[in-house]
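S.K.: Below is coords15.tsv; it holds TSV, C-alpha atoms.
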```tsv
chain	number	residue	atom	x	y	z
R	1	MET	CA	99.21	78.18	105.70
R	2	ASN	CA	97.42	75.95	103.27
R	3	ASP	CA	99.17	73.11	101.54
R	4	TRP	CA	99.26	73.33	97.75
R	5	ASP	CA	100.58	69.78	97.41
R	6	THR	CA	97.19	68.29	98.25
R	7	ASP	CA	94.11	68.88	96.09
R	8	GLU	CA	92.15	69.83	99.22
R	9	GLY	CA	94.68	72.45	100.26
R	10	LEU	CA	95.07	73.90	96.77
R	11	SER	CA	91.35	74.04	96.04
R	12	ALA	CA	90.56	75.61	99.42
R	13	ASP	CA	93.12	78.35	98.75
R	14	LEU	CA	91.82	78.82	95.21
R	15	ALA	CA	88.23	79.15	96.44
R	16	GLU	CA	89.34	81.82	98.93
R	17	ALA	CA	91.25	83.68	96.20
R	18	LEU	CA	88.19	83.64	93.90
R	19	ARG	CA	85.93	84.85	96.71
R	20	ALA	CA	88.28	87.79	97.35
R	21	ARG	CA	88.14	88.73	93.66
R	22	ALA	CA	84.36	88.40	93.49
R	23	ALA	CA	84.04	90.81	96.42
R	24	VAL	CA	85.66	93.67	94.47
R	25	PRO	CA	83.04	95.91	92.79
R	26	ASP	CA	83.43	96.33	89.02
R	27	ARG	CA	83.31	100.08	89.58
R	28	PHE	CA	86.43	99.92	91.76
R	29	VAL	CA	88.37	98.09	89.04
R	30	ARG	CA	87.10	100.47	86.34
R	31	LEU	CA	88.35	103.52	88.29
R	32	GLY	CA	91.75	101.87	88.51
R	33	LYS	CA	91.89	101.27	84.78
R	34	GLU	CA	90.86	104.87	84.08
R	35	ALA	CA	93.76	106.19	86.17
R	36	PHE	CA	96.03	105.22	83.28
R	37	ALA	CA	94.75	108.23	81.33
R	38	TRP	CA	97.16	110.32	83.40
R	39	HIS	CA	100.10	108.29	82.18
R	40	THR	CA	99.33	109.37	78.63
R	41	VAL	CA	99.33	113.07	79.48
R	42	ASP	CA	102.51	112.57	81.51
R	43	ALA	CA	101.07	114.47	84.44
R	44	GLU	CA	102.76	114.85	87.79
R	45	LEU	CA	100.65	113.96	90.81
R	46	ALA	CA	99.97	116.79	93.27
R	47	ALA	CA	99.26	115.49	96.77
R	48	LEU	CA	96.75	117.05	99.12
R	49	THR	CA	98.87	118.33	101.98
R	50	ILE	CA	96.58	120.72	103.85
R	51	ALA	CA	92.83	120.57	104.23
R	52	GLU	CA	91.57	123.19	106.66
R	53	PRO	CA	87.87	123.03	107.46
R	54	GLU	CA	85.72	126.04	108.30
R	55	MET	CA	88.27	128.81	108.28
R	56	ALA	CA	87.26	132.03	109.98
R	57	GLY	CA	86.98	135.31	108.14
R	58	SER	CA	85.49	136.23	104.82
R	59	ARG	CA	86.62	137.41	101.43
R	60	ALA	CA	84.98	139.18	98.57
R	61	GLU	CA	83.86	135.74	97.37
R	62	GLY	CA	81.97	135.11	100.60
R	63	ALA	CA	82.82	133.00	103.60
R	64	VAL	CA	85.62	130.53	103.05
R	65	LEU	CA	84.32	127.16	104.13
R	66	ARG	CA	87.45	125.16	103.54
R	67	ALA	CA	90.96	125.55	102.18
R	68	LEU	CA	92.91	122.87	100.34
R	69	THR	CA	96.52	122.82	99.22
R	70	PHE	CA	97.95	120.46	96.59
R	71	VAL	CA	101.71	120.29	96.24
R	72	ALA	CA	103.67	119.21	93.17
R	73	SER	CA	107.43	119.50	92.77
R	74	ARG	CA	107.44	122.85	90.97
R	75	LEU	CA	104.13	124.43	91.85
R	76	THR	CA	101.33	124.50	94.40
R	77	ILE	CA	97.59	124.71	93.82
R	78	GLU	CA	95.76	126.52	96.61
R	79	LEU	CA	91.99	126.17	96.70
R	80	GLU	CA	89.34	127.89	98.73
R	81	VAL	CA	85.81	126.61	98.94
R	82	THR	CA	83.25	129.36	99.38
R	83	ASP	CA	79.45	129.36	99.47
R	84	THR	CA	79.20	129.85	95.77
R	85	ALA	CA	82.49	128.97	94.14
R	86	LEU	CA	85.74	127.11	94.13
R	87	VAL	CA	88.50	129.70	93.80
R	88	GLY	CA	92.15	128.98	93.42
R	89	GLN	CA	95.64	130.28	93.03
R	90	ILE	CA	98.63	128.71	91.32
R	91	VAL	CA	101.89	129.40	93.14
R	92	PRO	CA	104.18	130.66	91.68
R	93	PRO	CA	101.63	132.69	89.71
R	94	GLN	CA	101.35	131.65	86.08
R	95	PRO	CA	98.65	131.26	83.44
R	96	GLY	CA	97.27	127.98	82.13
R	97	GLU	CA	94.23	125.80	81.60
R	98	LEU	CA	92.50	123.94	84.40
R	99	THR	CA	90.11	121.01	84.00
R	100	LEU	CA	87.93	119.69	86.80
R	101	ARG	CA	86.97	116.07	86.44
R	102	ARG	CA	84.11	114.41	88.29
R	103	ARG	CA	83.67	110.75	89.15
R	104	ASP	CA	81.14	110.28	86.37
R	105	GLY	CA	83.79	111.38	83.87
R	106	SER	CA	82.26	114.80	83.22
R	107	THR	CA	84.66	117.72	83.00
R	108	ARG	CA	84.67	121.52	83.28
R	109	ALA	CA	87.51	123.59	81.90
R	110	VAL	CA	88.45	127.12	82.98
R	111	SER	CA	91.31	129.48	82.24
R	112	VAL	CA	93.93	130.34	84.80
R	113	ASP	CA	94.77	134.03	84.40
R	114	ALA	CA	98.19	135.67	84.15
R	115	VAL	CA	98.54	135.93	87.93
R	116	GLY	CA	97.61	132.29	88.49
R	117	TRP	CA	94.05	132.88	89.63
R	118	PHE	CA	91.01	130.83	88.63
R	119	HIS	CA	87.48	130.20	89.77
R	120	LEU	CA	84.81	127.59	89.22
R	121	ARG	CA	81.29	128.87	89.67
R	122	PRO	CA	78.84	127.46	90.57
R	123	ARG	CA	80.78	125.54	93.12
R	124	PRO	CA	81.30	121.92	92.15
R	125	THR	CA	80.10	119.29	94.60
R	126	GLY	CA	81.19	115.77	95.40
R	127	ARG	CA	84.43	114.16	94.36
R	128	PHE	CA	86.74	115.85	91.94
R	129	GLN	CA	90.20	115.89	90.50
R	130	LEU	CA	91.95	118.86	88.88
R	131	HIS	CA	94.23	118.76	85.88
R	132	LEU	CA	96.39	121.83	85.35
R	133	ARG	CA	98.32	122.54	82.18
R	134	THR	CA	100.49	125.61	82.59
R	135	ALA	CA	101.29	127.91	79.70
R	136	ASP	CA	104.91	126.72	79.75
R	137	GLY	CA	103.89	123.08	79.39
R	138	MET	CA	103.78	121.60	82.88
R	139	SER	CA	101.04	119.06	83.50
R	140	VAL	CA	99.85	118.40	87.06
R	141	VAL	CA	96.95	116.29	88.28
R	142	THR	CA	95.64	116.41	91.85
R	143	GLU	CA	94.59	113.53	94.02
R	144	TRP	CA	90.87	112.79	94.17
R	145	THR	CA	89.27	114.95	96.84
R	146	GLU	CA	85.79	115.37	98.24
R	147	LEU	CA	84.27	118.82	98.69
T	1	MET	CA	110.18	86.49	96.71
T	2	ARG	CA	111.36	86.33	93.12
T	3	ASP	CA	109.89	88.62	90.50
T	4	ASP	CA	107.13	86.93	88.55
T	5	PRO	CA	108.28	87.31	84.91
T	6	ALA	CA	104.69	88.03	83.88
T	7	VAL	CA	104.56	91.03	86.22
T	8	VAL	CA	107.94	92.29	85.05
T	9	ASP	CA	106.55	92.20	81.53
T	10	LEU	CA	103.27	93.91	82.47
T	11	VAL	CA	105.06	96.72	84.31
T	12	HIS	CA	107.46	97.23	81.43
T	13	ARG	CA	104.65	97.36	78.86
T	14	ALA	CA	102.49	99.65	80.99
T	15	ALA	CA	105.41	102.04	81.48
T	16	GLY	CA	105.61	102.14	77.68
T	17	GLY	CA	101.97	103.22	77.46
T	18	ASP	CA	100.18	99.89	76.98
T	19	GLN	CA	96.67	100.27	78.41
T	20	ALA	CA	95.95	96.52	78.24
T	21	ALA	CA	99.01	95.80	80.37
T	22	TRP	CA	97.90	98.43	82.89
T	23	ASP	CA	94.40	96.93	82.97
T	24	ALA	CA	95.95	93.56	83.77
T	25	ILE	CA	97.97	95.08	86.62
T	26	VAL	CA	94.82	96.67	88.05
T	27	ALA	CA	92.85	93.42	87.73
T	28	ARG	CA	95.67	91.53	89.42
T	29	TYR	CA	96.04	93.80	92.44
T	30	ALA	CA	92.56	95.36	92.85
T	31	PRO	CA	91.51	92.66	95.38
T	32	LEU	CA	94.56	93.55	97.52
T	33	VAL	CA	93.79	97.29	97.49
T	34	TRP	CA	90.07	96.67	98.06
T	35	GLY	CA	90.80	94.25	100.89
T	36	ILE	CA	92.85	96.86	102.76
T	37	CYS	CA	90.07	99.46	102.34
T	38	ARG	CA	87.66	96.90	103.78
T	39	ARG	CA	89.99	96.24	106.72
T	40	HIS	CA	89.75	99.96	107.49
T	41	ARG	CA	85.95	99.76	107.17
T	42	LEU	CA	85.78	102.54	104.60
T	43	SER	CA	82.51	103.27	102.81
T	44	ASP	CA	82.33	102.29	99.13
T	45	MET	CA	82.74	105.95	98.12
T	46	ASP	CA	85.80	106.43	100.33
T	47	ALA	CA	87.28	103.15	99.11
T	48	ASP	CA	86.83	104.42	95.53
T	49	ASP	CA	88.78	107.59	96.41
T	50	VAL	CA	91.54	105.60	98.06
T	51	GLY	CA	91.75	103.20	95.15
T	52	ALA	CA	91.81	105.97	92.54
T	53	ASN	CA	94.60	107.75	94.42
T	54	VAL	CA	96.64	104.58	94.89
T	55	TRP	CA	96.44	103.82	91.16
T	56	LEU	CA	97.39	107.41	90.36
T	57	ARG	CA	100.51	107.04	92.47
T	58	LEU	CA	101.34	103.77	90.77
T	59	VAL	CA	100.84	105.32	87.31
T	60	GLU	CA	103.26	108.04	88.31
T	61	ARG	CA	105.98	105.64	89.40
T	62	LEU	CA	105.56	102.98	86.71
T	63	GLY	CA	108.78	103.96	85.01
T	64	THR	CA	110.81	103.68	88.21
T	65	ILE	CA	109.75	100.22	89.44
T	66	LYS	CA	112.86	98.09	89.64
T	67	GLU	CA	111.49	95.12	91.56
T	68	PRO	CA	107.93	94.18	90.66
T	69	ALA	CA	108.08	91.61	93.47
T	70	ALA	CA	107.98	94.56	95.85
T	71	LEU	CA	104.69	95.80	94.30
T	72	PRO	CA	102.26	94.11	96.72
T	73	GLY	CA	104.15	95.50	99.71
T	74	TRP	CA	104.27	98.96	98.18
T	75	LEU	CA	100.56	98.83	97.28
T	76	ALA	CA	99.66	97.68	100.80
T	77	THR	CA	101.61	100.51	102.44
T	78	THR	CA	100.34	103.16	100.03
T	79	THR	CA	96.73	102.00	100.38
T	80	ARG	CA	96.92	102.00	104.16
T	81	ASN	CA	98.34	105.54	104.17
T	82	GLU	CA	95.51	106.73	101.92
T	83	CYS	CA	92.95	104.99	104.16
T	84	LEU	CA	94.36	106.70	107.25
T	85	GLN	CA	94.26	110.07	105.47
T	86	VAL	CA	90.57	109.59	104.67
T	87	LEU	CA	89.83	108.54	108.24
T	88	ARG	CA	91.72	111.51	109.67
T	89	ALA	CA	89.82	113.92	107.39
T	90	LYS	CA	86.53	112.38	108.53
T	91	ARG	CA	87.53	112.75	112.16
T	92	ARG	CA	88.02	116.49	111.66
T	93	HIS	CA	84.49	116.79	110.33
T	94	VAL	CA	82.64	115.11	113.19
T	95	PRO	CA	82.38	116.05	116.87
T	96	VAL	CA	85.15	114.45	118.87
T	97	GLU	CA	82.81	112.46	121.08
T	98	ASN	CA	81.29	110.83	117.99
T	99	ALA	CA	84.56	110.21	116.24
T	100	GLU	CA	85.32	106.63	115.51
T	101	PHE	CA	88.87	106.43	114.41
T	102	ARG	CA	89.28	102.95	113.12
T	103	ASP	CA	92.71	101.63	112.64
T	104	GLU	CA	92.54	98.92	115.21
T	105	GLU	CA	93.61	96.49	112.52
T	106	GLY	CA	96.99	98.15	112.35
T	107	PRO	CA	99.29	97.67	109.39
T	108	PRO	CA	98.62	94.61	107.27
T	109	SER	CA	100.58	91.84	108.93
T	110	ASP	CA	103.23	89.97	106.98
T	111	GLU	CA	101.07	86.89	107.26
T	112	TRP	CA	98.02	88.66	105.82
T	113	LEU	CA	100.09	90.10	103.00
T	114	LEU	CA	101.64	86.70	102.22
T	115	THR	CA	98.14	85.23	101.99
T	116	GLN	CA	97.19	88.00	99.54
T	117	GLU	CA	100.27	87.28	97.45
T	118	ARG	CA	99.34	83.59	97.35
T	119	HIS	CA	95.83	84.52	96.21
T	120	ILE	CA	97.22	86.87	93.55
T	121	ALA	CA	99.48	84.09	92.26
T	122	LEU	CA	96.65	81.54	92.28
T	123	ARG	CA	94.34	83.81	90.29
T	124	ALA	CA	97.14	84.50	87.79
T	125	ALA	CA	97.85	80.77	87.53
T	126	LEU	CA	94.16	80.09	86.88
T	127	GLU	CA	94.16	82.63	84.05
T	128	SER	CA	97.12	80.84	82.46
T	129	LEU	CA	95.34	77.47	82.22
T	130	SER	CA	93.49	76.10	79.18
T	131	ASP	CA	89.96	77.46	78.74
T	132	ARG	CA	88.50	74.12	79.76
T	133	CYS	CA	90.46	73.86	83.00
T	134	ARG	CA	89.89	77.51	83.84
T	135	HIS	CA	86.13	77.15	83.35
T	136	LEU	CA	85.96	73.92	85.31
T	137	LEU	CA	87.93	75.22	88.31
T	138	THR	CA	86.05	78.52	88.28
T	139	LEU	CA	82.71	76.69	88.31
T	140	LEU	CA	83.86	74.28	91.02
T	141	PHE	CA	85.47	76.76	93.36
T	142	GLY	CA	83.91	80.10	92.39
T	143	GLU	CA	81.29	81.91	94.39
T	144	PRO	CA	78.81	80.25	94.63
T	145	PRO	CA	80.11	76.79	93.69
T	146	THR	CA	78.24	75.19	90.80
T	147	PRO	CA	76.72	71.71	91.32
T	148	TYR	CA	78.24	68.86	89.27
T	149	ILE	CA	75.07	68.41	87.23
T	150	ALA	CA	75.11	72.06	86.13
T	151	ILE	CA	78.84	71.85	85.35
T	152	SER	CA	78.14	68.78	83.25
T	153	ASP	CA	75.54	70.76	81.26
T	154	SER	CA	77.70	73.85	80.97
T	155	LEU	CA	80.91	72.12	79.83
T	156	GLY	CA	79.36	69.16	78.03
T	157	MET	CA	81.29	66.84	80.33
T	158	PRO	CA	79.90	63.63	81.84
T	159	VAL	CA	79.39	63.94	85.60
T	160	GLY	CA	81.71	60.97	86.02
T	161	ALA	CA	84.52	62.82	84.25
T	162	ILE	CA	84.38	65.87	86.51
T	163	GLY	CA	86.30	64.28	89.37
T	164	PRO	CA	89.27	63.11	87.25
T	165	SER	CA	89.27	66.39	85.27
T	166	ARG	CA	89.26	68.33	88.52
T	167	ALA	CA	92.38	66.45	89.65
T	168	ARG	CA	94.12	67.00	86.28
T	169	CYS	CA	93.30	70.72	86.23
T	170	LEU	CA	94.41	71.21	89.83
T	171	ASP	CA	97.67	69.55	88.87
T	172	ALA	CA	98.05	71.90	85.90
T	173	LEU	CA	97.38	74.80	88.26
T	174	ARG	CA	99.99	73.49	90.68
T	175	ARG	CA	102.61	73.34	87.90
T	176	SER	CA	101.78	76.80	86.51
T	177	PRO	CA	104.80	79.11	86.15
T	178	ALA	CA	102.74	81.77	87.92
T	179	LEU	CA	103.16	79.81	91.16
T	180	THR	CA	106.85	79.09	90.71
T	181	SER	CA	108.06	82.14	92.59
T	182	LEU	CA	106.01	81.08	95.62
T	183	ARG	CA	106.87	77.37	95.47
T	184	ASP	CA	110.63	77.42	95.07
T	185	PRO	CA	112.78	76.80	98.13
T	186	ALA	CA	111.75	79.43	100.66
T	187	PRO	CA	113.72	82.66	100.17
T	188	ALA	CA	115.33	84.41	103.10
T	189	VAL	CA	112.81	86.41	105.11
T	190	GLY	CA	112.27	89.87	103.68
T	191	GLU	CA	114.14	89.18	100.48
T	192	GLY	CA	112.91	91.21	97.57
T	193	ARG	CA	110.34	93.03	99.64
T	194	SER	CA	110.55	96.59	100.76
```
Here is the file; what I need is its structure written in the form of C-alpha cells.
M.R.:
Amino acid sequence: MNDWDTDEGLSADLAEALRARAAVPDRFVRLGKEAFAWHTVDAELAALTIAEPEMAGSRAEGAVLRALTFVASRLTIELEVTDTALVGQIVPPQPGELTLRRRDGSTRAVSVDAVGWFHLRPRPTGRFQLHLRTADGMSVVTEWTEL
Amino acid sequence: MRDDPAVVDLVHRAAGGDQAAWDAIVARYAPLVWGICRRHRLSDMDADDVGANVWLRLVERLGTIKEPAALPGWLATTTRNECLQVLRAKRRHVPVENAEFRDEEGPPSDEWLLTQERHIALRAALESLSDRCRHLLTLLFGEPPTPYIAISDSLGMPVGAIGPSRARCLDALRRSPALTSLRDPAPAVGEGRS
C-alpha cells in the first residue's frame, strides 16, 4: 500500500488513479449517464433469465433461432428470434406499447395486442433493449441483450 | 469505511431525479466498472453491455441505498456477475474445444478493491481542489506527464515555482475531506462493506 504521508507516495498513487480514469472510453461513461433515462420513466428492470440458442422445431414465423426470457416482478417477456422477425409474448397476456432501443439511440415502437403478442419485422440486429408500457400503466425495461 | 458525505449527497440527489448528480456518480465509479470488465478480458462491445446493465441495476436501486460506502463493493460484485453472464453466453455459442472461459482472475480481491477505493477517493479529492492546483497536479501526474517547461507555459507559472506549488497542492490534496474516510484510524475489517 502506498504512503499518502510522503509526496512520493501520494503522487504515485494519484498518477495511477489518473491513468485508470484515462483508460475508460468516453463512450462507456456516456452509456452510464444515459441509463438514468430509465429512472425518469420509473421502469422496473427485467433480467434475462433464459437464453436458449438454436431451438429445434419451427413455427409459422419460420425456424426459431433463439429464445429469450426476461423476468420482472409482475410479468415476463418471452422473445423468439426467427429468420425474419423478433416475436414476443407478454405473460400474463395484456396489451401495451413496446419500444426497442438500439445502442445508437434509435428506437422502434410497436403495439402489443390484447393477448400480449407483438412482433418486430424485419428482425432487429445487434444490441437492443426493450421498454414495455402495459395498458394498465406498468413500465418495464429489459437488460441490454445481443441478438 | 465511513460514508463519504459527498457520495451520500450524490445518491440522495440522484434518487430525487437529478441527472447531474447521477452523471457524477457514473464518472466517479466508471473506472471501477471498466477495470473489472478488463480483468475479465471482455471486448469493448461486451464491456459496454455489462456497464449499461450495471448502471441500469444501480438506477433501479438508487432509492434503497442506505450505505453509500457499500457502493464500490456492490458495483464490483454486480459487474463481475454481469461479466460472467456474458462469458457463459459466449461459451454456449462456440464449440467446446474452442471455448475459452476466462475467470481465472476470480472475484476482485479485497486488496484490489481497496486500491480502487483509494483511487476513487484521490480523483474526488483532486476535483475538490482549486482550479490552479487541479490543473497543476493533472499536468504533472496525468497521462502522459507534461514537462515542466510546458506546464510553465500552460499555467503562466515560472519553472522555479512548480516544485514548491507541487508540494503545496499535494498537501491540499492530502487534507481534502474526500480522503478523510480513508485516512481516519483504520476501521474494523469489513465495517460498512457488504
S.K.: Kindly provide, as an mmCIF file with C-alpha atoms, in the coordinates of the input, the polymer residues lying within 8 Å of (79.8, 125.7, 100.9), counting all atoms listed in the file and using the coordinates exactly as they appear in the file.
M.R.:
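Result file result.cif:
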```
data_model
loop_
_atom_site.group_PDB
_atom_site.id
_atom_site.type_symbol
_atom_site.label_atom_id
_atom_site.label_comp_id
_atom_site.auth_asym_id
_atom_site.auth_seq_id
_atom_site.Cartn_x
_atom_site.Cartn_y
_atom_site.Cartn_z
ATOM 1 C CA VAL R 64 85.620 130.530 103.050
ATOM 2 C CA LEU R 65 84.320 127.160 104.130
ATOM 3 C CA VAL R 81 85.810 126.610 98.940
ATOM 4 C CA THR R 82 83.250 129.360 99.380
ATOM 5 C CA ASP R 83 79.450 129.360 99.470
ATOM 6 C CA THR R 84 79.200 129.850 95.770
ATOM 7 C CA ALA R 85 82.490 128.970 94.140
ATOM 8 C CA ARG R 123 80.780 125.540 93.120
#
```
S.K.: For R:Arg102, which residue among R:Ala15, R:Ala135, R:Ile77, R:Leu147 is the nearest when counting all atoms listed in the file?
M.R.: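 Ranked by minimum distance to R:Arg102, first place goes to R:Leu147.
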S.K.: Against chain T, which residues of chain R fall within 10 Å? For each one I want the closest pair of atoms and the distance in Å (one decimal), counting all atoms listed in the file, rows by chain and increasing residue number, as a Markdown table.
M.R.:
```
| residue | atom | partner | partner_atom | distance |
| --- | --- | --- | --- | --- |
| R:Met1 | CA | T:Thr115 | CA | 8.0 |
| R:Asn2 | CA | T:Thr115 | CA | 9.4 |
| R:Trp4 | CA | T:Arg174 | CA | 7.1 |
| R:Asp5 | CA | T:Arg174 | CA | 7.7 |
| R:Thr6 | CA | T:Leu170 | CA | 9.3 |
| R:Asp7 | CA | T:Leu170 | CA | 6.7 |
| R:Glu8 | CA | T:Leu170 | CA | 9.8 |
| R:Leu10 | CA | T:Leu170 | CA | 7.5 |
| R:Ser11 | CA | T:Phe141 | CA | 7.0 |
| R:Ala12 | CA | T:Phe141 | CA | 8.0 |
| R:Asp13 | CA | T:His119 | CA | 7.2 |
| R:Leu14 | CA | T:Leu122 | CA | 6.3 |
| R:Ala15 | CA | T:Phe141 | CA | 4.8 |
| R:Glu16 | CA | T:His119 | CA | 7.5 |
| R:Ala17 | CA | T:His119 | CA | 4.7 |
| R:Leu18 | CA | T:Gly142 | CA | 5.8 |
| R:Arg19 | CA | T:Glu143 | CA | 6.0 |
| R:Ala20 | CA | T:Pro31 | CA | 6.2 |
| R:Arg21 | CA | T:Pro31 | CA | 5.5 |
| R:Ala22 | CA | T:Glu143 | CA | 7.2 |
| R:Ala23 | CA | T:Pro31 | CA | 7.8 |
| R:Val24 | CA | T:Pro31 | CA | 6.0 |
| R:Pro25 | CA | T:Trp34 | CA | 8.8 |
| R:Asp26 | CA | T:Ala27 | CA | 9.9 |
| R:Arg27 | CA | T:Asp48 | CA | 8.2 |
| R:Phe28 | CA | T:Asp48 | CA | 5.9 |
| R:Val29 | CA | T:Ala30 | CA | 6.3 |
| R:Arg30 | CA | T:Val26 | CA | 8.8 |
| R:Leu31 | CA | T:Ala52 | CA | 6.0 |
| R:Gly32 | CA | T:Trp55 | CA | 5.7 |
| R:Lys33 | CA | T:Asp23 | CA | 5.3 |
| R:Glu34 | CA | T:Ala52 | CA | 8.6 |
| R:Ala35 | CA | T:Leu56 | CA | 5.7 |
| R:Phe36 | CA | T:Val59 | CA | 6.3 |
| R:Ala37 | CA | T:Gln19 | CA | 8.7 |
| R:Trp38 | CA | T:Val59 | CA | 7.3 |
| R:His39 | CA | T:Val59 | CA | 6.0 |
| R:Thr40 | CA | T:Gly17 | CA | 6.8 |
| R:Asp42 | CA | T:Glu60 | CA | 8.2 |
| R:Ala43 | CA | T:Glu60 | CA | 7.8 |
| R:Glu44 | CA | T:Glu60 | CA | 6.8 |
| R:Leu45 | CA | T:Glu60 | CA | 6.9 |
| R:Ala46 | CA | T:Arg57 | CA | 9.8 |
| R:Ala47 | CA | T:Asn53 | CA | 9.3 |
| R:Leu48 | CA | T:Gln85 | CA | 9.8 |
| R:Ala51 | CA | T:Ala89 | CA | 8.0 |
| R:Glu52 | CA | T:Arg92 | CA | 9.1 |
| R:Pro53 | CA | T:His93 | CA | 7.7 |
| R:Glu54 | CA | T:His93 | CA | 9.5 |
| R:Arg103 | CA | T:Asp49 | CA | 9.4 |
| R:Arg127 | CA | T:Asp49 | CA | 8.1 |
| R:Phe128 | CA | T:Asp49 | CA | 9.6 |
| R:Val141 | CA | T:Leu56 | CA | 9.1 |
| R:Thr142 | CA | T:Asn53 | CA | 9.1 |
| R:Glu143 | CA | T:Asn53 | CA | 5.8 |
| R:Trp144 | CA | T:Asp49 | CA | 6.0 |
| R:Thr145 | CA | T:Asp49 | CA | 7.4 |
| R:Glu146 | CA | T:Asp49 | CA | 8.5 |
```
S.K.: Find the residues near T:Ser128: any atom within 12 Å, counting only C-alpha atoms, skip ones fewer than 6 places away on the same chain, and give them as a PDB file with C-alpha atoms, in the frame of the given file.
M.R.:
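See out37.pdb below for the written result:
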```pdb
ATOM      1  CA  ALA T   6     104.690  88.030  83.880  1.00  0.00           C
ATOM      2  CA  ALA T 121      99.480  84.090  92.260  1.00  0.00           C
ATOM      3  CA  LEU T 122      96.650  81.540  92.280  1.00  0.00           C
ATOM      4  CA  ARG T 134      89.890  77.510  83.840  1.00  0.00           C
ATOM      5  CA  HIS T 135      86.130  77.150  83.350  1.00  0.00           C
ATOM      6  CA  CYS T 169      93.300  70.720  86.230  1.00  0.00           C
ATOM      7  CA  ALA T 172      98.050  71.900  85.900  1.00  0.00           C
ATOM      8  CA  LEU T 173      97.380  74.800  88.260  1.00  0.00           C
ATOM      9  CA  ARG T 174      99.990  73.490  90.680  1.00  0.00           C
ATOM     10  CA  ARG T 175     102.610  73.340  87.900  1.00  0.00           C
ATOM     11  CA  SER T 176     101.780  76.800  86.510  1.00  0.00           C
ATOM     12  CA  PRO T 177     104.800  79.110  86.150  1.00  0.00           C
ATOM     13  CA  ALA T 178     102.740  81.770  87.920  1.00  0.00           C
ATOM     14  CA  LEU T 179     103.160  79.810  91.160  1.00  0.00           C
TER      15      LEU T 179
END
```
S.K.: What would stretch 82-94 of chain R look like with N, CA and C atoms restored, written as a PDB file, keeping the file's coordinate frame?
M.R.:
```
ATOM      1  N   THR R  82      84.164 128.374  98.805  1.00  0.00           N
ATOM      2  CA  THR R  82      83.250 129.360  99.380  1.00  0.00           C
ATOM      3  C   THR R  82      81.812 128.882  99.188  1.00  0.00           C
ATOM      4  N   ASP R  83      80.863 129.721  99.620  1.00  0.00           N
ATOM      5  CA  ASP R  83      79.450 129.360  99.470  1.00  0.00           C
ATOM      6  C   ASP R  83      79.099 129.066  98.024  1.00  0.00           C
ATOM      7  N   THR R  84      79.687 129.855  97.140  1.00  0.00           N
ATOM      8  CA  THR R  84      79.200 129.850  95.770  1.00  0.00           C
ATOM      9  C   THR R  84      80.216 129.366  94.747  1.00  0.00           C
ATOM     10  N   ALA R  85      81.471 129.261  95.150  1.00  0.00           N
ATOM     11  CA  ALA R  85      82.490 128.970  94.140  1.00  0.00           C
ATOM     12  C   ALA R  85      83.668 128.203  94.717  1.00  0.00           C
ATOM     13  N   LEU R  86      84.444 127.688  93.786  1.00  0.00           N
ATOM     14  CA  LEU R  86      85.740 127.110  94.130  1.00  0.00           C
ATOM     15  C   LEU R  86      86.743 128.057  93.499  1.00  0.00           C
ATOM     16  N   VAL R  87      87.529 128.750  94.336  1.00  0.00           N
ATOM     17  CA  VAL R  87      88.500 129.700  93.800  1.00  0.00           C
ATOM     18  C   VAL R  87      89.896 129.198  94.103  1.00  0.00           C
ATOM     19  N   GLY R  88      90.821 129.519  93.227  1.00  0.00           N
ATOM     20  CA  GLY R  88      92.150 128.980  93.420  1.00  0.00           C
ATOM     21  C   GLY R  88      93.259 129.868  92.921  1.00  0.00           C
ATOM     22  N   GLN R  89      94.445 129.517  93.353  1.00  0.00           N
ATOM     23  CA  GLN R  89      95.640 130.280  93.030  1.00  0.00           C
ATOM     24  C   GLN R  89      96.771 129.297  92.744  1.00  0.00           C
ATOM     25  N   ILE R  90      97.437 129.510  91.608  1.00  0.00           N
ATOM     26  CA  ILE R  90      98.630 128.710  91.320  1.00  0.00           C
ATOM     27  C   ILE R  90      99.839 129.480  91.854  1.00  0.00           C
ATOM     28  N   VAL R  91     100.692 128.783  92.579  1.00  0.00           N
ATOM     29  CA  VAL R  91     101.890 129.400  93.140  1.00  0.00           C
ATOM     30  C   VAL R  91     103.107 128.599  92.653  1.00  0.00           C
ATOM     31  N   PRO R  92     104.119 129.237  92.047  1.00  0.00           N
ATOM     32  CA  PRO R  92     104.180 130.660  91.680  1.00  0.00           C
ATOM     33  C   PRO R  92     103.150 130.998  90.610  1.00  0.00           C
ATOM     34  N   PRO R  93     102.693 132.269  90.624  1.00  0.00           N
ATOM     35  CA  PRO R  93     101.630 132.690  89.710  1.00  0.00           C
ATOM     36  C   PRO R  93     102.005 132.484  88.252  1.00  0.00           C
ATOM     37  N   GLN R  94     101.110 131.855  87.508  1.00  0.00           N
ATOM     38  CA  GLN R  94     101.350 131.650  86.080  1.00  0.00           C
ATOM     39  C   GLN R  94     100.035 131.258  85.413  1.00  0.00           C
TER      40      GLN R  94
END
```
